[in-house]
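Participant: Can you keep this structure in mind? I'll have questions shortly.
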Amino acid sequence: MSNTLWSLREGEAATIDRFAPSLNPVWLRRLKELGFTSGEEVTCVTAPRFGAPRVYRVGATFFSVESQIAEQLLVADPA
Amino acid sequence: MSSAVLIGSPNSGKSLLFNRLTGLNQKVANFPGITVSVVEGTLVSNQDFRVLDFPGTYSLQPISGEEEVAVRNFERLLEDADLEAVLCIVDATRLSKSLSFALQVIRECQQAGKRVVLLANMIDVLEKHDVTFDATGLSEELGVPVLPLSGRTGQGIPELEATLSKLREPPLTPATGHFAAMTDDALETLARDLRQRYRGNDQILISNQTRADGVFLHSTFGGLAFLAIMYLLFQSIFTWAQPAMDGVETLIGAAADVVVPMLPAGFIADFVADALFGGIGAFLVFVPQIFVLTFIVGIMEDSGYMARAAVICHRPLQAFGLTGKSFVPMLSGVACAIPAIYAARAVDSPRRRLLTYLAIPLMPCSARLPVYTLLIAVLVPAQTALGGLIGLQGLALFVMYGFGLLVGLLTTALVARLAPTRHEDDMPFVLEMPPYRVPAWGPLLRHALDRSKHFVTKAGTIIFTVTFVVWIFGYLPNGGADLSSSLLGTFGRAIEPLFEPLGLDWRYAVALLSAFLAREVFVGTLGTLFGIEGAEDNFVPLADQIQASGLSLASGCALLVIFAVALQCVSTFAVLKAETRSYRLPLQMMLAYGTLAYVLALLTYRLVLFATG
């Protein structure tokens with residue numbers, strides 16, 4: 001079973017494997033446009049407590065993402 | 001007139017480049033979604049060439065209000081025969097987020113038969129870190145010119161201007177057209193491939209951002225830093241602006257001392273002394289505070305901190321039905337509700353955007369600042385505590401700002417619970433974190449000056465009209481000899497029963513009613529009223545005159561509550577109507593907030609009376 005993006009700890013990197021089928025198609029398209037594509041390496045930069053959005057790095061761009069979305073991106077260990 | 005359009009993803013530096021090309025002073029900031037409407041200007045180097053700056057969008061398939069503005073206008077412009085070129089701007093330091101959009105733009109332009117020039121902005125940052133950018137290679141792959149440049153330093157601008165001047169000399173752009181028939185999936189595959197090959201050594205660019213985010217987004221330190229920055233903001237409004245405020249007050253007093261004795265005694269001299277120096281002068285004193293407030297909010301935006309503040313606030317705001325993206329419109333509302341309502345377009349969820357609209361008019365805007373400052377100066381002694389660390393008046397202002405915020409949040413929480421959530425209305429929170437930067441001080445100062453000037457000119461016209469009317473009605477029929485028997489006094493006493501339960505006499509009733517045009521009119525109106533009444537000592541600061549008139553603490557607090565809650569701004573009403581395309585929401589808000597303000601003011605008055613015996 002794959003881990004989700006949300007399960008990454010601070011400083012951990014992973015490769016995006018696939019997207020949960022339940023992910024809203026509008027957001028699936030937008031995430032791909034932002035660079036969250038299958039095979040792309042993503043690093044968890046900060047993972048604050050209390051369920052606050054976490055910051056992930058894709059390439060040189062940083063995005064803050066809340067759990068509702070990050071739990072629907074399935075990741076694998078980096079290649 | 002020939003034209004070109006600037007389009008690109010949010011925070012790619014479009015507005016800074018637009019300002020450099022046109023010499024205008026469009027607001028720029030290091031935060032996604034600052035440009036929320038289309039702005040146009042002409043080239044400094046060619047007044048016959050028009051440039052349009054569009055709001056940033058990550059895609060030509062919009063999901064938020066400001067993206068819709070950009071895409072709708074872009075598609076309309078592609079049909080315009082005068083459109084010579086589309087200038088698609090990408091952030092060369094973060095190509096991964098821009099490439100999908102750039103490919104969509106190239107495809108759309110090739111389908112419409114328009115030229116595209118790709119502008120690789122922020123090339124100065126890459127050069128500073130010795131990172132190379134292969135503009136020639138990218139240009140050959142895409143079949144469009146790629147110009148490396150920097151909107152910040154001006155590097156590459158002459159080349160861009162030269163390119164624009166040759167647009168009518170084909171063939172500048174070889175129209176290969178090979179993108180025109182590509183599907184979305186094919187574009188996405190190409191974007192992924194280009195990302196891998198043109199990303200360069202981006203590790204160099206990210207280390208500072210990672211370290212800084214470790215502090216500013218830390219569960220404990222991040223929250224403490226946020227509170228400290230907010231507190232500093234409100235303290236500085238008093239401490240930094242005070243010398244300038246004293247200077248303006250001295251200047252107005254000195255000007256009055258020179259001008260008034262030169263005028264023949266009677267109507268004209270009375271008008272200049274009471275209405276001009278007493279009314280408008282009392283308002284002008286507060287302009288330095290508007291400047292300081294705008295400048296500090298600008299520093300937060302330009303440094304990249306604003307996006308972090310939005311992340312810090314996301315979870316707390318969620319509890320009130322809002323989102324972290326609501327934070328920026330709400331903080332903009334601390335300066336003025338008008339740009340804040342426009343900024344709410346960046347809130348992509350329609351439901352949360354509506355809730356943000358409800359919160360914005362309750363944010364303590366700069367128009368409230370003169371009123372708060374005046375009443376706090378009347379009610380709170382100018383003393384410090386904790387060895388001079390905390391000013392009591394600054395603390396009182398902080399409390400007033402907190403009160404407005406609290407009422408706003410409780411209102412949105414109540415409405416969020418009463419109105420059912422539809423899943424499709426609830427967009428999740430994904431926000432780009434811009435890099436930390438040293439603010440561009442020049443544009444920041446110019447923006448703060450523009451904002452102060454706008455504040456004076458916008459409010460000045462209304463204040464002049466109202467103070468003139470108030471003064472005439474207070475002067476007639478007995479030449480200002482007895483204000484209480486003047487036309488104004490008669491009118492004031494007619495509406496006085498409404499305000500008597502708050503311990504306020506007819507003068508405050510008149511000033512409060514006049515403030516429904518714009519809140520800051522209250523200060524000018526009181527200045528005129530007290531100017532007429534205290535003719536022998538016109539130029540004593542207004543706060544001293546109000547103190548001498550015996551305004552009680554309970555009534556002063558009631559006044560503060562009314563100004564914190566009531567929707568007293570014609571411009572806010574008009575913009576809300578324009579954004580929602582209906583009178584319904586602004587009318588409901590004006591009625592509801594007006595009633596709430598009166599009830600809360602009454603409760604406050606009674607509580608303070610009870611507490612002070």
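In the structure tokens, each chain is lettered A, B, ... as it comes, each chain's residues begin at 1, and ligands are numbered from 1 in order of appearance.
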Given a cut-off of 7 Å, which residues of chain A touch chain B, counting only C-alpha atoms, written out as a short mmCIF file (atom, residue, chain, number, x, y, z; two decimals) with all heavy atoms, in the first residue's frame?
Facilitator:
data_model
loop_
_atom_site.label_atom_id
_atom_site.label_comp_id
_atom_site.auth_asym_id
_atom_site.auth_seq_id
_atom_site.Cartn_x
_atom_site.Cartn_y
_atom_site.Cartn_z
N GLU A 33 -0.74 21.02 -13.28
CA GLU A 33 -0.24 22.29 -13.84
C GLU A 33 0.80 22.93 -12.93
O GLU A 33 1.70 23.63 -13.39
CB GLU A 33 -1.41 23.25 -14.08
CG GLU A 33 -2.28 22.85 -15.26
CD GLU A 33 -3.63 23.56 -15.27
OE1 GLU A 33 -4.04 24.12 -14.23
OE2 GLU A 33 -4.28 23.54 -16.32
N LEU A 34 0.67 22.70 -11.63
CA LEU A 34 1.63 23.28 -10.68
C LEU A 34 2.91 22.46 -10.59
O LEU A 34 3.87 22.87 -9.94
CB LEU A 34 1.00 23.39 -9.28
CG LEU A 34 -0.18 24.35 -9.15
CD1 LEU A 34 -0.78 24.27 -7.75
CD2 LEU A 34 0.23 25.78 -9.47
N GLY A 35 2.93 21.29 -11.21
CA GLY A 35 4.15 20.47 -11.22
C GLY A 35 4.04 19.20 -10.40
O GLY A 35 4.99 18.42 -10.34
N VAL A 45 8.83 20.20 3.42
CA VAL A 45 9.73 21.22 3.98
C VAL A 45 9.39 21.51 5.44
O VAL A 45 10.27 21.54 6.29
CB VAL A 45 9.66 22.52 3.15
CG1 VAL A 45 10.56 23.60 3.73
CG2 VAL A 45 10.06 22.24 1.71
N THR A 46 8.12 21.75 5.71
CA THR A 46 7.70 21.96 7.10
C THR A 46 6.41 21.19 7.35
O THR A 46 5.55 21.11 6.48
CB THR A 46 7.43 23.44 7.44
OG1 THR A 46 6.36 23.90 6.64
CG2 THR A 46 8.64 24.32 7.22
N PRO A 48 4.08 21.50 10.37
CA PRO A 48 3.65 22.01 11.68
C PRO A 48 2.59 21.10 12.30
O PRO A 48 1.93 20.34 11.59
CB PRO A 48 3.07 23.39 11.38
CG PRO A 48 3.32 23.66 9.95
CD PRO A 48 3.64 22.37 9.28
N ARG A 49 2.44 21.23 13.61
CA ARG A 49 1.44 20.41 14.31
C ARG A 49 0.04 21.01 14.17
O ARG A 49 -0.14 21.99 13.46
CB ARG A 49 1.81 20.32 15.80
CG ARG A 49 2.99 19.39 16.05
CD ARG A 49 3.47 19.51 17.47
NE ARG A 49 4.07 20.82 17.71
CZ ARG A 49 4.42 21.26 18.91
NH1 ARG A 49 4.21 20.54 19.97
NH2 ARG A 49 4.98 22.45 19.05
N ALA A 52 -2.10 21.94 10.72
CA ALA A 52 -1.89 23.10 9.84
C ALA A 52 -1.39 22.62 8.48
O ALA A 52 -0.78 21.55 8.38
CB ALA A 52 -0.88 24.04 10.48
N PRO A 53 -1.63 23.40 7.43
CA PRO A 53 -1.14 23.00 6.10
C PRO A 53 0.38 22.80 6.13
O PRO A 53 1.08 23.49 6.87
CB PRO A 53 -1.51 24.20 5.22
CG PRO A 53 -2.58 24.91 5.93
CD PRO A 53 -2.34 24.69 7.39
N GLY A 59 10.43 20.87 -7.46
CA GLY A 59 11.43 21.67 -8.18
C GLY A 59 11.93 22.75 -7.24
O GLY A 59 12.32 22.45 -6.11
N ALA A 60 11.88 24.01 -7.68
CA ALA A 60 12.31 25.10 -6.80
C ALA A 60 11.11 25.87 -6.26
O ALA A 60 11.26 26.96 -5.73
CB ALA A 60 13.23 26.04 -7.56
N THR A 61 9.90 25.31 -6.43
CA THR A 61 8.70 26.02 -5.99
C THR A 61 8.13 25.35 -4.74
O THR A 61 8.11 24.13 -4.64
CB THR A 61 7.64 26.02 -7.11
OG1 THR A 61 8.28 26.35 -8.34
CG2 THR A 61 6.56 27.03 -6.83
N PHE A 62 7.70 26.19 -3.81
CA PHE A 62 7.15 25.70 -2.54
C PHE A 62 5.64 25.96 -2.53
O PHE A 62 5.19 27.04 -2.91
CB PHE A 62 7.77 26.47 -1.36
CG PHE A 62 9.24 26.20 -1.16
CD1 PHE A 62 10.17 26.65 -2.09
CD2 PHE A 62 9.70 25.53 -0.05
CE1 PHE A 62 11.52 26.41 -1.93
CE2 PHE A 62 11.05 25.30 0.14
CZ PHE A 62 11.97 25.74 -0.80
N PHE A 63 4.90 24.95 -2.09
CA PHE A 63 3.45 25.10 -1.98
C PHE A 63 3.00 24.67 -0.59
O PHE A 63 3.49 23.67 -0.06
CB PHE A 63 2.72 24.23 -3.01
CG PHE A 63 2.94 24.66 -4.43
CD1 PHE A 63 3.90 24.04 -5.21
CD2 PHE A 63 2.19 25.69 -4.98
CE1 PHE A 63 4.12 24.44 -6.52
CE2 PHE A 63 2.41 26.10 -6.28
CZ PHE A 63 3.37 25.47 -7.06
N SER A 64 2.07 25.43 -0.05
CA SER A 64 1.43 25.01 1.20
C SER A 64 0.17 24.23 0.82
O SER A 64 -0.64 24.71 0.02
CB SER A 64 1.07 26.25 2.01
OG SER A 64 0.37 25.86 3.14
N VAL A 65 0.04 23.03 1.35
CA VAL A 65 -1.07 22.16 0.96
C VAL A 65 -1.73 21.62 2.23
O VAL A 65 -1.05 21.16 3.14
CB VAL A 65 -0.56 20.97 0.11
CG1 VAL A 65 -1.72 20.11 -0.37
CG2 VAL A 65 0.25 21.46 -1.09
N GLU A 66 -3.05 21.65 2.26
CA GLU A 66 -3.74 21.11 3.45
C GLU A 66 -4.01 19.61 3.28
O GLU A 66 -3.93 19.06 2.17
CB GLU A 66 -5.02 21.88 3.73
CG GLU A 66 -6.12 21.69 2.73
CD GLU A 66 -7.42 22.38 3.16
OE1 GLU A 66 -7.62 22.60 4.36
OE2 GLU A 66 -8.23 22.70 2.28
N GLN A 68 -6.59 17.75 3.22
CA GLN A 68 -7.67 17.33 2.33
C GLN A 68 -7.14 16.93 0.94
O GLN A 68 -7.64 16.02 0.30
CB GLN A 68 -8.67 18.49 2.22
CG GLN A 68 -9.97 18.16 1.55
CD GLN A 68 -10.81 19.42 1.38
OE1 GLN A 68 -10.61 20.42 2.06
NE2 GLN A 68 -11.76 19.38 0.45
N ILE A 69 -6.11 17.65 0.48
CA ILE A 69 -5.51 17.37 -0.83
C ILE A 69 -4.33 16.41 -0.69
O ILE A 69 -4.20 15.44 -1.44
CB ILE A 69 -5.02 18.69 -1.47
CG1 ILE A 69 -6.20 19.47 -2.04
CG2 ILE A 69 -4.00 18.46 -2.57
CD1 ILE A 69 -6.77 18.90 -3.32
#
Participant: Go through region 387-443 of chain B and collect every residue that DSSP, computed from the backbone, puts in strand (DSSP E or B); the answer should be as a PyMOL selection string.
Facilitator: chain B and resi 390-391+430-433
Participant: Go ahead and compute the interatomic distance for CA of Val456 (chain B) and CA of Leu276 (chain B), in Å to one decimal.
Facilitator: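 Taking CA of Val456 (chain B) as the start and CA of Leu276 (chain B) as the end point, the length is 14.1 Å.
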Participant: Just want the 10 Å neighbourhood of Leu609 (chain B), counted on only C-alpha atoms, with same-chain residues fewer than 2 positions away dropped. Output as a count of residues only.
Facilitator: 12
Participant: Could you tell me how far CA of Val58 (chain A) sits from CA of Glu41 (chain A), in Å to one decimal place?
Facilitator: 6.6 Å
Participant: Just list as a ChimeraX atom specification whatever in chain A DSSP marks as alpha helix (DSSP H).
Facilitator: /A:25-34,67-70
